[in-house]
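For reference, protein.txt (compact mmCIF, C-alpha atoms):
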# COMPACT_ATOMS: atom_id res chain seq x y z
CA MET R 298 -15.87 -27.07 -47.18
CA ILE R 299 -14.94 -28.36 -43.73
CA ASP R 300 -11.47 -26.79 -44.06
CA VAL R 301 -13.04 -23.39 -44.83
CA VAL R 302 -15.30 -23.62 -41.77
CA VAL R 303 -12.36 -24.57 -39.53
CA LEU R 304 -10.28 -21.72 -40.98
CA ASN R 305 -13.05 -19.18 -40.41
CA THR R 306 -13.54 -20.44 -36.86
CA SER R 307 -9.83 -20.10 -36.08
CA VAL R 308 -9.75 -16.58 -37.53
CA VAL R 309 -12.73 -15.51 -35.42
CA TYR R 310 -11.11 -17.03 -32.33
CA GLU R 311 -7.83 -15.19 -32.97
CA MET R 312 -9.70 -11.91 -33.51
CA THR R 313 -11.61 -12.45 -30.27
CA GLN R 314 -8.41 -13.17 -28.36
CA SER R 315 -6.71 -10.13 -29.90
CA GLY R 316 -9.69 -7.92 -29.09
CA GLY R 317 -9.77 -9.19 -25.52
CA LYS R 318 -6.06 -8.44 -25.16
CA TYR R 319 -6.52 -4.90 -26.43
CA ASP R 320 -9.50 -4.41 -24.10
CA PHE R 321 -7.33 -5.49 -21.16
CA TYR R 322 -4.67 -2.86 -21.91
CA ILE R 323 -7.27 -0.18 -22.59
CA GLY R 324 -8.84 -0.90 -19.20
CA LEU R 325 -5.39 -0.83 -17.56
CA VAL R 326 -4.55 2.59 -19.04
CA LEU R 327 -7.97 3.95 -18.05
CA ALA R 328 -7.61 2.66 -14.46
CA MET R 329 -4.14 4.20 -14.09
CA SER R 330 -5.21 7.52 -15.60
CA SER R 331 -8.21 7.51 -13.27
CA SER R 332 -5.90 7.24 -10.26
CA ILE R 333 -3.75 10.11 -11.54
CA PHE R 334 -6.76 12.38 -12.12
CA ILE R 335 -8.41 11.55 -8.78
CA GLY R 336 -5.15 11.82 -6.83
CA GLY R 337 -4.37 15.17 -8.45
CA SER R 338 -7.88 16.47 -7.80
CA PHE R 339 -7.32 16.42 -4.03
CA ILE R 340 -4.21 18.59 -4.43
CA LEU R 341 -5.95 21.12 -6.67
CA LYS R 342 -8.93 21.40 -4.31
CA LYS R 343 -6.66 21.75 -1.29
CA LYS R 344 -4.59 24.45 -3.02
CA GLY R 345 -7.76 26.37 -3.82
CA LEU R 346 -9.04 26.14 -0.25
CA LEU R 347 -5.67 27.24 1.17
CA ARG R 348 -5.62 30.23 -1.16
CA LEU R 349 -9.07 31.26 0.07
CA ALA R 350 -7.94 30.85 3.69
CA ARG R 351 -5.03 33.24 3.04
CA LYS R 352 -7.47 35.77 1.63
CA GLY R 353 -9.54 35.60 4.82
CA SER R 354 -12.64 34.10 3.20
CA MET R 355 -15.00 31.96 5.28
CA ARG R 356 -13.75 28.38 5.16
CA ALA R 357 -15.79 25.47 3.83
CA GLY R 358 -15.69 23.76 7.23
CA GLN R 359 -17.43 26.81 8.71
CA GLY R 360 -20.20 26.72 6.13
CA GLY R 361 -18.65 29.11 3.59
CA HIS R 362 -19.04 28.69 -0.18
CA ALA R 363 -16.35 31.06 -1.41
CA TYR R 364 -14.57 28.12 -3.02
CA LEU R 365 -17.17 28.23 -5.81
CA LYS R 366 -15.38 31.36 -7.08
CA GLU R 367 -11.92 29.76 -6.96
CA TRP R 368 -10.72 28.36 -10.31
CA LEU R 369 -8.30 25.91 -8.66
CA TRP R 370 -11.18 24.28 -6.81
CA TRP R 371 -13.12 23.92 -10.05
CA ALA R 372 -10.02 22.46 -11.72
CA GLY R 373 -9.88 19.87 -8.95
CA LEU R 374 -13.57 19.08 -9.37
CA LEU R 375 -13.16 18.61 -13.13
CA SER R 376 -10.10 16.45 -12.53
CA MET R 377 -12.07 14.23 -10.15
CA GLY R 378 -14.91 14.02 -12.67
CA ALA R 379 -12.49 12.96 -15.40
CA GLY R 380 -11.03 10.34 -13.06
CA GLU R 381 -14.42 8.89 -12.20
CA VAL R 382 -15.39 8.72 -15.87
CA ALA R 383 -12.12 6.94 -16.68
CA ASN R 384 -12.67 4.54 -13.77
CA PHE R 385 -16.23 3.86 -14.94
CA ALA R 386 -14.97 3.12 -18.46
CA ALA R 387 -12.16 0.90 -17.17
CA TYR R 388 -14.69 -1.59 -15.78
CA ALA R 389 -16.14 -1.99 -19.27
CA PHE R 390 -12.79 -3.17 -20.66
CA ALA R 391 -10.78 -4.84 -17.86
CA PRO R 392 -11.55 -7.28 -15.03
CA ALA R 393 -12.79 -5.75 -11.78
CA THR R 394 -10.04 -7.75 -10.08
CA LEU R 395 -7.54 -5.51 -11.86
CA VAL R 396 -9.35 -2.15 -11.82
CA THR R 397 -10.39 -2.03 -8.16
CA PRO R 398 -6.99 -2.68 -6.52
CA LEU R 399 -5.38 -0.07 -8.80
CA GLY R 400 -7.58 2.50 -7.07
CA ALA R 401 -4.89 2.51 -4.36
CA LEU R 402 -2.66 4.42 -6.77
CA SER R 403 -4.81 7.53 -6.29
CA VAL R 404 -3.77 7.55 -2.62
CA LEU R 405 -0.15 7.17 -3.74
CA VAL R 406 -0.42 10.01 -6.27
CA SER R 407 -2.06 12.27 -3.69
CA ALA R 408 0.66 11.55 -1.10
CA ILE R 409 3.51 12.24 -3.53
CA LEU R 410 2.01 15.42 -4.99
CA SER R 411 1.13 16.78 -1.53
CA SER R 412 4.78 16.52 -0.50
CA TYR R 413 5.79 18.67 -3.49
CA PHE R 414 2.92 21.15 -3.81
CA LEU R 415 1.49 21.38 -0.28
CA ASN R 416 4.77 21.10 1.64
CA GLU R 417 3.44 18.10 3.54
CA LYS R 418 6.25 15.85 4.73
CA LEU R 419 6.42 12.29 3.45
CA ASN R 420 8.44 10.36 6.03
CA LEU R 421 10.43 7.17 5.55
CA HIS R 422 7.43 4.94 6.31
CA GLY R 423 5.40 6.82 3.71
CA LYS R 424 8.09 6.44 1.05
CA ILE R 425 8.39 2.72 1.73
CA GLY R 426 4.59 2.48 1.59
CA CYS R 427 4.54 4.22 -1.81
CA LEU R 428 7.20 1.86 -3.14
CA LEU R 429 5.33 -1.21 -1.88
CA SER R 430 2.07 0.05 -3.42
CA ILE R 431 3.79 0.42 -6.80
CA LEU R 432 5.38 -3.03 -6.56
CA GLY R 433 2.10 -4.63 -5.46
CA SER R 434 0.18 -2.98 -8.32
CA THR R 435 2.79 -4.18 -10.81
CA VAL R 436 2.53 -7.75 -9.54
CA MET R 437 -1.27 -7.63 -9.77
CA VAL R 438 -1.14 -6.32 -13.35
CA ILE R 439 1.20 -9.14 -14.35
CA HIS R 440 -0.95 -11.86 -12.77
CA ALA R 441 -4.41 -10.30 -13.27
CA PRO R 442 -7.06 -12.84 -14.34
CA GLN R 443 -8.64 -12.73 -17.77
CA GLU R 444 -12.33 -12.93 -16.91
CA GLU R 445 -14.85 -14.68 -19.13
CA GLU R 446 -15.88 -12.47 -22.00
CA VAL R 447 -19.25 -10.76 -21.46
CA GLU R 448 -20.06 -8.72 -24.54
CA THR R 449 -23.83 -8.30 -24.42
CA LEU R 450 -26.56 -7.52 -21.89
CA ASN R 451 -28.08 -10.94 -22.52
CA GLU R 452 -24.83 -12.58 -21.43
CA MET R 453 -24.69 -10.28 -18.39
CA SER R 454 -28.29 -11.21 -17.55
CA HIS R 455 -27.35 -14.88 -17.69
CA LYS R 456 -24.38 -14.25 -15.35
CA LEU R 457 -26.53 -12.33 -12.87
CA GLY R 458 -29.04 -15.20 -12.83
CA ASP R 459 -26.39 -17.76 -11.89
CA PRO R 460 -27.38 -19.54 -8.61
CA GLY R 461 -24.00 -18.79 -7.01
CA PHE R 462 -24.31 -15.06 -7.59
CA VAL R 463 -27.98 -15.03 -6.51
CA VAL R 464 -26.98 -16.62 -3.18
CA PHE R 465 -24.10 -14.14 -2.78
CA ALA R 466 -26.31 -11.11 -3.55
CA THR R 467 -28.99 -12.37 -1.15
CA LEU R 468 -26.43 -12.77 1.65
CA VAL R 469 -25.07 -9.27 0.98
CA PHE R 470 -28.60 -7.84 1.14
CA ILE R 471 -29.43 -9.63 4.42
CA VAL R 472 -26.11 -8.75 6.07
CA SER R 473 -26.47 -5.11 5.02
CA LEU R 474 -29.98 -4.86 6.48
CA ILE R 475 -28.82 -6.39 9.78
CA LEU R 476 -25.85 -4.00 9.98
CA ILE R 477 -27.94 -0.95 9.07
CA PHE R 478 -30.98 -1.53 11.30
CA VAL R 479 -29.66 -3.70 14.16
CA VAL R 480 -25.90 -3.41 14.63
CA GLY R 481 -25.41 0.16 13.36
CA PRO R 482 -27.61 2.01 15.88
CA ARG R 483 -25.98 0.13 18.78
CA HIS R 484 -22.30 -0.10 17.84
CA GLY R 485 -21.79 2.21 14.84
CA GLN R 486 -20.50 5.08 16.99
CA SER R 487 -17.90 2.94 18.75
CA ASN R 488 -16.85 0.22 16.29
CA ILE R 489 -15.15 1.38 13.09
CA LEU R 490 -15.89 -1.89 11.26
CA VAL R 491 -19.69 -1.48 11.26
CA TYR R 492 -20.06 1.42 8.80
CA ILE R 493 -17.03 0.35 6.75
CA THR R 494 -18.46 -3.16 6.32
CA ILE R 495 -21.77 -1.70 5.08
CA CYS R 496 -19.92 0.41 2.49
CA SER R 497 -17.73 -2.48 1.40
CA VAL R 498 -20.29 -5.25 0.88
CA ILE R 499 -22.70 -2.91 -0.93
CA GLY R 500 -19.75 -1.59 -2.95
CA ALA R 501 -19.23 -5.06 -4.40
CA LEU R 502 -22.72 -4.94 -5.91
CA SER R 503 -22.19 -1.38 -7.18
CA VAL R 504 -19.11 -2.51 -9.13
CA SER R 505 -21.18 -5.26 -10.76
CA CYS R 506 -23.74 -2.63 -11.76
CA VAL R 507 -20.99 -0.43 -13.20
CA LYS R 508 -19.69 -3.39 -15.19
CA GLY R 509 -23.16 -4.03 -16.62
CA LEU R 510 -23.73 -0.35 -17.46
CA GLY R 511 -20.36 -0.25 -19.18
CA ILE R 512 -21.50 -3.06 -21.46
CA THR R 513 -24.77 -1.17 -22.00
CA ILE R 514 -22.90 1.93 -23.15
CA LYS R 515 -20.67 -0.10 -25.49
CA GLU R 516 -23.76 -1.68 -27.09
CA LEU R 517 -25.50 1.69 -27.27
CA ILE R 518 -22.56 3.17 -29.16
CA ALA R 519 -22.70 0.17 -31.51
CA GLY R 520 -26.31 1.13 -32.34
CA LYS R 521 -28.11 -1.67 -30.51
CA PRO R 522 -31.49 -0.94 -28.84
CA VAL R 523 -30.25 -1.62 -25.30
CA LEU R 524 -32.46 1.07 -23.73
CA LYS R 525 -35.43 -1.21 -24.34
CA HIS R 526 -33.78 -3.93 -22.27
CA PRO R 527 -35.17 -3.86 -18.69
CA LEU R 528 -31.79 -4.90 -17.27
CA SER R 529 -30.29 -1.52 -18.27
CA TRP R 530 -32.70 0.40 -16.05
CA ILE R 531 -32.48 -2.16 -13.23
CA LEU R 532 -28.68 -1.77 -13.20
CA LEU R 533 -28.94 2.04 -13.23
CA LEU R 534 -31.44 2.12 -10.36
CA SER R 535 -29.41 -0.41 -8.35
CA LEU R 536 -26.25 1.64 -8.88
CA ILE R 537 -27.93 4.83 -7.61
CA VAL R 538 -29.18 3.05 -4.47
CA CYS R 539 -25.84 1.34 -3.78
CA VAL R 540 -23.71 4.46 -4.30
CA SER R 541 -26.04 6.61 -2.19
CA THR R 542 -25.81 4.11 0.67
CA GLN R 543 -22.03 3.90 0.34
CA ILE R 544 -21.59 7.67 0.46
CA ASN R 545 -23.90 7.98 3.47
CA TYR R 546 -22.13 5.43 5.65
CA LEU R 547 -18.63 6.30 4.48
CA ASN R 548 -19.27 9.92 5.50
CA ARG R 549 -20.46 8.69 8.90
CA ALA R 550 -17.27 6.67 9.36
CA LEU R 551 -15.08 9.61 8.33
CA ASP R 552 -16.97 11.96 10.65
CA ILE R 553 -16.55 9.73 13.71
CA PHE R 554 -13.15 8.08 13.20
CA ASN R 555 -9.69 9.19 12.10
CA THR R 556 -9.26 9.38 8.32
CA SER R 557 -5.83 7.70 8.51
CA ILE R 558 -7.55 4.65 10.01
CA VAL R 559 -10.71 4.64 7.89
CA THR R 560 -8.91 4.87 4.51
CA PRO R 561 -6.73 1.72 4.69
CA ILE R 562 -9.43 -0.40 6.37
CA TYR R 563 -12.03 0.66 3.81
CA TYR R 564 -9.62 -0.09 0.94
CA VAL R 565 -8.95 -3.61 2.24
CA PHE R 566 -12.62 -4.43 2.94
CA PHE R 567 -13.95 -2.90 -0.27
CA THR R 568 -11.34 -4.52 -2.53
CA THR R 569 -11.81 -7.92 -0.86
CA SER R 570 -15.58 -7.69 -1.40
CA VAL R 571 -15.13 -6.74 -5.05
CA LEU R 572 -12.64 -9.57 -5.66
CA THR R 573 -15.07 -12.05 -4.10
CA CYS R 574 -18.03 -10.76 -6.08
CA SER R 575 -16.07 -10.73 -9.34
CA ALA R 576 -14.83 -14.29 -8.78
CA ILE R 577 -18.39 -15.53 -8.16
CA LEU R 578 -19.98 -13.56 -11.02
CA PHE R 579 -17.40 -14.10 -13.75
CA LYS R 580 -15.69 -17.27 -12.42
CA GLU R 581 -12.37 -15.79 -13.50
CA TRP R 582 -10.28 -17.77 -11.00
CA GLN R 583 -11.17 -21.07 -12.70
CA HIS R 584 -8.98 -20.18 -15.68
CA MET R 585 -5.95 -19.03 -13.68
CA SER R 586 -2.85 -21.04 -12.91
CA ALA R 587 -1.66 -21.53 -9.34
CA ALA R 588 1.20 -19.09 -9.98
CA ASP R 589 -1.21 -16.36 -11.12
CA ILE R 590 -3.50 -16.89 -8.12
CA ILE R 591 -0.58 -16.67 -5.69
CA GLY R 592 0.80 -13.64 -7.58
CA THR R 593 -2.55 -11.83 -7.44
CA PHE R 594 -2.95 -12.36 -3.71
CA SER R 595 0.69 -11.45 -3.08
CA GLY R 596 0.30 -8.21 -5.01
CA PHE R 597 -2.90 -7.38 -3.14
CA LEU R 598 -1.30 -8.02 0.26
CA THR R 599 1.71 -5.93 -0.73
CA ILE R 600 -0.57 -3.00 -1.60
CA ILE R 601 -2.35 -3.41 1.76
CA VAL R 602 0.98 -3.20 3.63
CA GLY R 603 1.99 -0.17 1.57
CA ILE R 604 -1.27 1.68 2.25
CA PHE R 605 -0.99 0.84 5.95
CA LEU R 606 2.55 2.25 6.19
CA LEU R 607 1.53 5.34 4.25
CA HIS R 608 -1.35 6.19 6.61
CA ALA R 609 -0.59 4.67 10.00
CA PHE R 610 2.77 6.42 10.49
CA LYS R 611 2.22 9.64 8.57
CA ASP R 612 2.54 11.76 11.74
CA VAL R 613 5.78 10.08 12.83
CA ASN R 614 8.82 12.27 12.11
CA PHE R 615 11.25 9.59 10.94
CA THR R 616 13.70 9.88 8.04
CA LEU R 617 16.81 8.13 6.78
CA ALA R 618 18.91 10.71 8.60
CA ASN R 619 17.49 9.46 11.93
CA LEU R 620 18.23 5.81 11.16
CA PRO R 621 21.98 5.66 12.04
CA VAL R 622 21.36 7.58 15.29
CA SER R 623 18.57 5.20 16.29
CA LEU R 624 20.69 2.15 15.52
CA ARG R 625 23.62 3.54 17.48
CA LYS R 626 21.41 4.20 20.52
CA ASP R 627 19.89 0.72 20.34
CA ASP R 628 23.34 -0.86 20.10
CA ARG R 629 24.63 1.06 23.12
CA ALA R 630 21.51 0.19 25.12
CA VAL R 631 21.91 -3.53 24.34
CA ASN R 632 25.58 -3.47 25.41
CA GLY R 633 24.72 -1.60 28.60
CA THR R 634 26.92 1.36 27.70
CA LEU R 635 24.44 4.20 28.03
CA PRO R 636 26.31 7.14 29.62
CA THR R 637 25.72 8.12 33.21
CA THR R 638 24.72 11.61 34.30
CA TYR R 639 28.27 12.24 35.60
CA GLU R 640 29.83 11.30 32.21
CA CYS R 641 27.42 13.56 30.39
CA PHE R 642 28.24 16.65 32.34
CA ASN R 643 31.98 16.01 31.89
CA HIS R 644 31.49 16.33 28.12
CA ASP R 645 29.75 19.62 27.46
CA GLU R 646 29.65 19.20 23.71
CA GLU R 647 27.63 15.98 24.05
CA SER R 648 25.50 17.01 26.99
CA SER R 649 22.31 17.57 25.03
CA THR R 650 22.55 14.17 23.36
CA CYS R 651 23.31 12.44 26.66
CA VAL R 652 20.41 14.08 28.45
CA GLY R 653 18.09 12.90 25.69
CA GLU R 654 19.45 9.36 26.02
CA ILE R 655 19.05 9.40 29.80
CA GLN R 656 15.49 10.60 29.52
CA SER R 657 14.66 7.95 26.92
CA SER R 658 16.19 5.22 29.09
CA GLU R 659 14.21 6.39 32.10
CA ASN R 660 11.01 6.28 30.08
CA VAL R 661 11.47 2.66 28.96
CA PRO R 662 9.95 1.01 32.07
CA SER R 663 6.97 3.36 32.14
CA ARG R 664 6.27 2.76 28.45
CA ARG R 665 6.44 -0.99 28.89
CA ASN R 666 4.01 -0.67 31.79
CA GLY R 667 1.57 1.24 29.56
CA SER R 668 1.98 4.58 31.32
CA LEU R 669 0.83 7.49 29.18
CA ALA R 670 3.00 9.86 31.17
CA ALA R 671 6.02 8.65 29.28
CA PHE R 672 4.63 10.01 26.06
Entire entry expressed as structure tokens:
Amino acid sequence: MIDVVVLNTSVVYEMTQSGGKYDFYIGLVLAMSSSIFIGGSFILKKKGLLRLARKGSMRAGQGGHAYLKEWLWWAGLLSMGAGEVANFAAYAFAPATLVTPLGALSVLVSAILSSYFLNEKLNLHGKIGCLLSILGSTVMVIHAPQEEEVETLNEMSHKLGDPGFVVFATLVFIVSLILIFVVGPRHGQSNILVYITICSVIGALSVSCVKGLGITIKELIAGKPVLKHPLSWILLLSLIVCVSTQINYLNRALDIFNTSIVTPIYYVFFTTSVLTCSAILFKEWQHMSAADIIGTFSGFLTIIVGIFLLHAFKDVNFTLANLPVSLRKDDRAVNGTLPTTYECFNHDEESSTCVGEIQSSENVPSRRNGSLAAF
């Protein structure tokens, strides 16, 4: 009798482990497909708006709504909707520590597709940034934590009532109120971190709500009466409030500051907040080895560097073809062999190159001194 009980227990454990493994890969596929759909949606919308501009229609930035008649714009909207649905579903199957960082792939997809379909140049820094983002995402997938299994709303309710998470949520609420009502009115227009911090810390709570609603939907499909559970409606209401606040303050940040600066900073702050919240709520780091913890952080930092390179230097015209020329100039400058004006004019075929080198050498002191005239 005891042997039968032990055998049944082992079978159930193996089935649970197998199911958890399948859930992990389902969540991974959903997160990656979400990035592809969302990244592609920006290209479709942009193509639609450019087509309208060529037709002479009033542009959206001027208050026009002609894009509502453009099928490419609607295709982009549907693509973004499909991506958001896939992202929502991914949280129900995979750890938030895996799903959230993979959101960076949508930026990668958008950058690559824009270089092909919108004729936007992707310079050397951007290509290196894309490669680093892919490598960082791969490392994070390999070392992603397997969070504690939460299959029911009752289990989720128990997790949300944990003292550690209650303290974290209370701190987030207090910090958000201070930033919104005290710091924001004074420094929000001049400090980029104010509005981005509001979006990020509240975003951590919104991801927890999405995770809980994902479990609710899974139980609802299984035929369980989850709609009678008060936690379902609390999570839904909390998600609406959190997302509305995020959209409001993210739009403010984008309206005031450069998008190429807002995007990477918001990604870093938001992902860090989600990783912290997920670690406190699900205690997933307790079951990870030191190698997996180091691998996860290394992958995350690699993605951060990649996103930074992709955005910070996107307006710099630098390619592999410029690299040998730059190295040659640097080498000649170090050796003190930059040509004089007399030598330049004695070699007509190299005069244009020499003049450029002379001008660059003359600008070096002024640049070091912080003079804007050199630029």
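Separating CA of Gly509 (chain R) from CA of Ile335 (chain R) is a distance of 22.8 Å.
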Please identify all polymer residues within 12 Å of region 517-534 of chain R, counting only C-alpha atoms, omitting same-chain residues fewer than 2 positions from it, and present them as number ranges by chain. R: 448-455, 457-458, 502-515, 536-541
Go ahead and write the selection's residues with C-alpha atoms as a JSON list (two decimals), keeping the file's coordinate frame.
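Listed below is the output, result.json:
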[["chain", "number", "residue", "atom", "x", "y", "z"],
["R", 448, "GLU", "CA", -20.06, -8.72, -24.54],
["R", 449, "THR", "CA", -23.83, -8.30, -24.42],
["R", 450, "LEU", "CA", -26.56, -7.52, -21.89],
["R", 451, "ASN", "CA", -28.08, -10.94, -22.52],
["R", 452, "GLU", "CA", -24.83, -12.58, -21.43],
["R", 453, "MET", "CA", -24.69, -10.28, -18.39],
["R", 454, "SER", "CA", -28.29, -11.21, -17.55],
["R", 455, "HIS", "CA", -27.35, -14.88, -17.69],
["R", 457, "LEU", "CA", -26.53, -12.33, -12.87],
["R", 458, "GLY", "CA", -29.04, -15.20, -12.83],
["R", 502, "LEU", "CA", -22.72, -4.94, -5.91],
["R", 503, "SER", "CA", -22.19, -1.38, -7.18],
["R", 504, "VAL", "CA", -19.11, -2.51, -9.13],
["R", 505, "SER", "CA", -21.18, -5.26, -10.76],
["R", 506, "CYS", "CA", -23.74, -2.63, -11.76],
["R", 507, "VAL", "CA", -20.99, -0.43, -13.20],
["R", 508, "LYS", "CA", -19.69, -3.39, -15.19],
["R", 509, "GLY", "CA", -23.16, -4.03, -16.62],
["R", 510, "LEU", "CA", -23.73, -0.35, -17.46],
["R", 511, "GLY", "CA", -20.36, -0.25, -19.18],
["R", 512, "ILE", "CA", -21.50, -3.06, -21.46],
["R", 513, "THR", "CA", -24.77, -1.17, -22.00],
["R", 514, "ILE", "CA", -22.90, 1.93, -23.15],
["R", 515, "LYS", "CA", -20.67, -0.10, -25.49],
["R", 536, "LEU", "CA", -26.25, 1.64, -8.88],
["R", 537, "ILE", "CA", -27.93, 4.83, -7.61],
["R", 538, "VAL", "CA", -29.18, 3.05, -4.47],
["R", 539, "CYS", "CA", -25.84, 1.34, -3.78],
["R", 540, "VAL", "CA", -23.71, 4.46, -4.30],
["R", 541, "SER", "CA", -26.04, 6.61, -2.19]]
Could you check the closest approach to Phe390 (chain R) for each of R:Phe321, R:Asp552, R:Phe610, R:Pro460 and tell me which residue wins, using all atoms listed in the file?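 Comparing R:Phe321, R:Asp552, R:Phe610, R:Pro460 against Phe390 (chain R), the winner is R:Phe321.
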R:Ala401, R:Met329, R:Tyr492, R:Lys456: which is nearest Val480 (chain R), counting all atoms listed in the file?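 Closest to Val480 (chain R) of all the choices is R:Tyr492.
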Nearest to Gly324 (chain R): which of R:Leu572, R:Ala387, R:Cys496, R:Val613 is it, counting all atoms listed in the file?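 Distance minimum relative to Gly324 (chain R) lands on R:Ala387.
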May I ask which of the residues R:Leu369, R:Val498, R:Leu606, R:Leu327 is the closest one to Phe385 (chain R), counting all atoms listed in the file?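 Among R:Leu369, R:Val498, R:Leu606, R:Leu327, it is R:Leu327 that comes nearest to Phe385 (chain R).
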How many Å lie between CA of Ser403 (chain R) and CA of Ile477 (chain R), rounded to one decimal?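 CA of Ile477 (chain R) lies 29.0 Å from CA of Ser403 (chain R).
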Could you tell me how far CA of Tyr546 (chain R) sits from CA of Trp370 (chain R), in Å to one decimal place? 25.1 Å
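For the residues R:Thr568, R:Asn614, R:Thr494, R:Thr599, ranking by smallest atom-to-atom distance to Leu428 (chain R) using all atoms listed in the file places R:Thr599 first.
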Val326 (chain R) environment, 12 Å, all atoms listed in the file, sequence neighbours closer than 6 positions dropped, as a ChimeraX atom specification: /R:319-320,332-333,380,383-384,386-388,390-391,395-396,399,438
Preceding selection exported with C-alpha atoms as a short mmCIF file (atom, residue, chain, number, x, y, z; two decimals), keeping the file's coordinate frame:
data_model
loop_
_atom_site.label_atom_id
_atom_site.label_comp_id
_atom_site.auth_asym_id
_atom_site.auth_seq_id
_atom_site.Cartn_x
_atom_site.Cartn_y
_atom_site.Cartn_z
CA TYR R 319 -6.52 -4.90 -26.43
CA ASP R 320 -9.50 -4.41 -24.10
CA SER R 332 -5.90 7.24 -10.26
CA ILE R 333 -3.75 10.11 -11.54
CA GLY R 380 -11.03 10.34 -13.06
CA ALA R 383 -12.12 6.94 -16.68
CA ASN R 384 -12.67 4.54 -13.77
CA ALA R 386 -14.97 3.12 -18.46
CA ALA R 387 -12.16 0.90 -17.17
CA TYR R 388 -14.69 -1.59 -15.78
CA PHE R 390 -12.79 -3.17 -20.66
CA ALA R 391 -10.78 -4.84 -17.86
CA LEU R 395 -7.54 -5.51 -11.86
CA VAL R 396 -9.35 -2.15 -11.82
CA LEU R 399 -5.38 -0.07 -8.80
CA VAL R 438 -1.14 -6.32 -13.35
#
Which residue is closest to Tyr564 (chain R)? Choose from R:Lys424, R:Lys580, R:Arg549, R:His608 and count only C-alpha atoms.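 Using only C-alpha atoms, Tyr564 (chain R) sits closest to R:His608.
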Edge lengths and centre in Å, axis-aligned, region 393-411 of chain R plus 4 Å each side, as JSON:
{"center_x": -4.6, "center_y": 4.5, "center_z": -6.5, "size_x": 24.3, "size_y": 32.5, "size_z": 18.8}
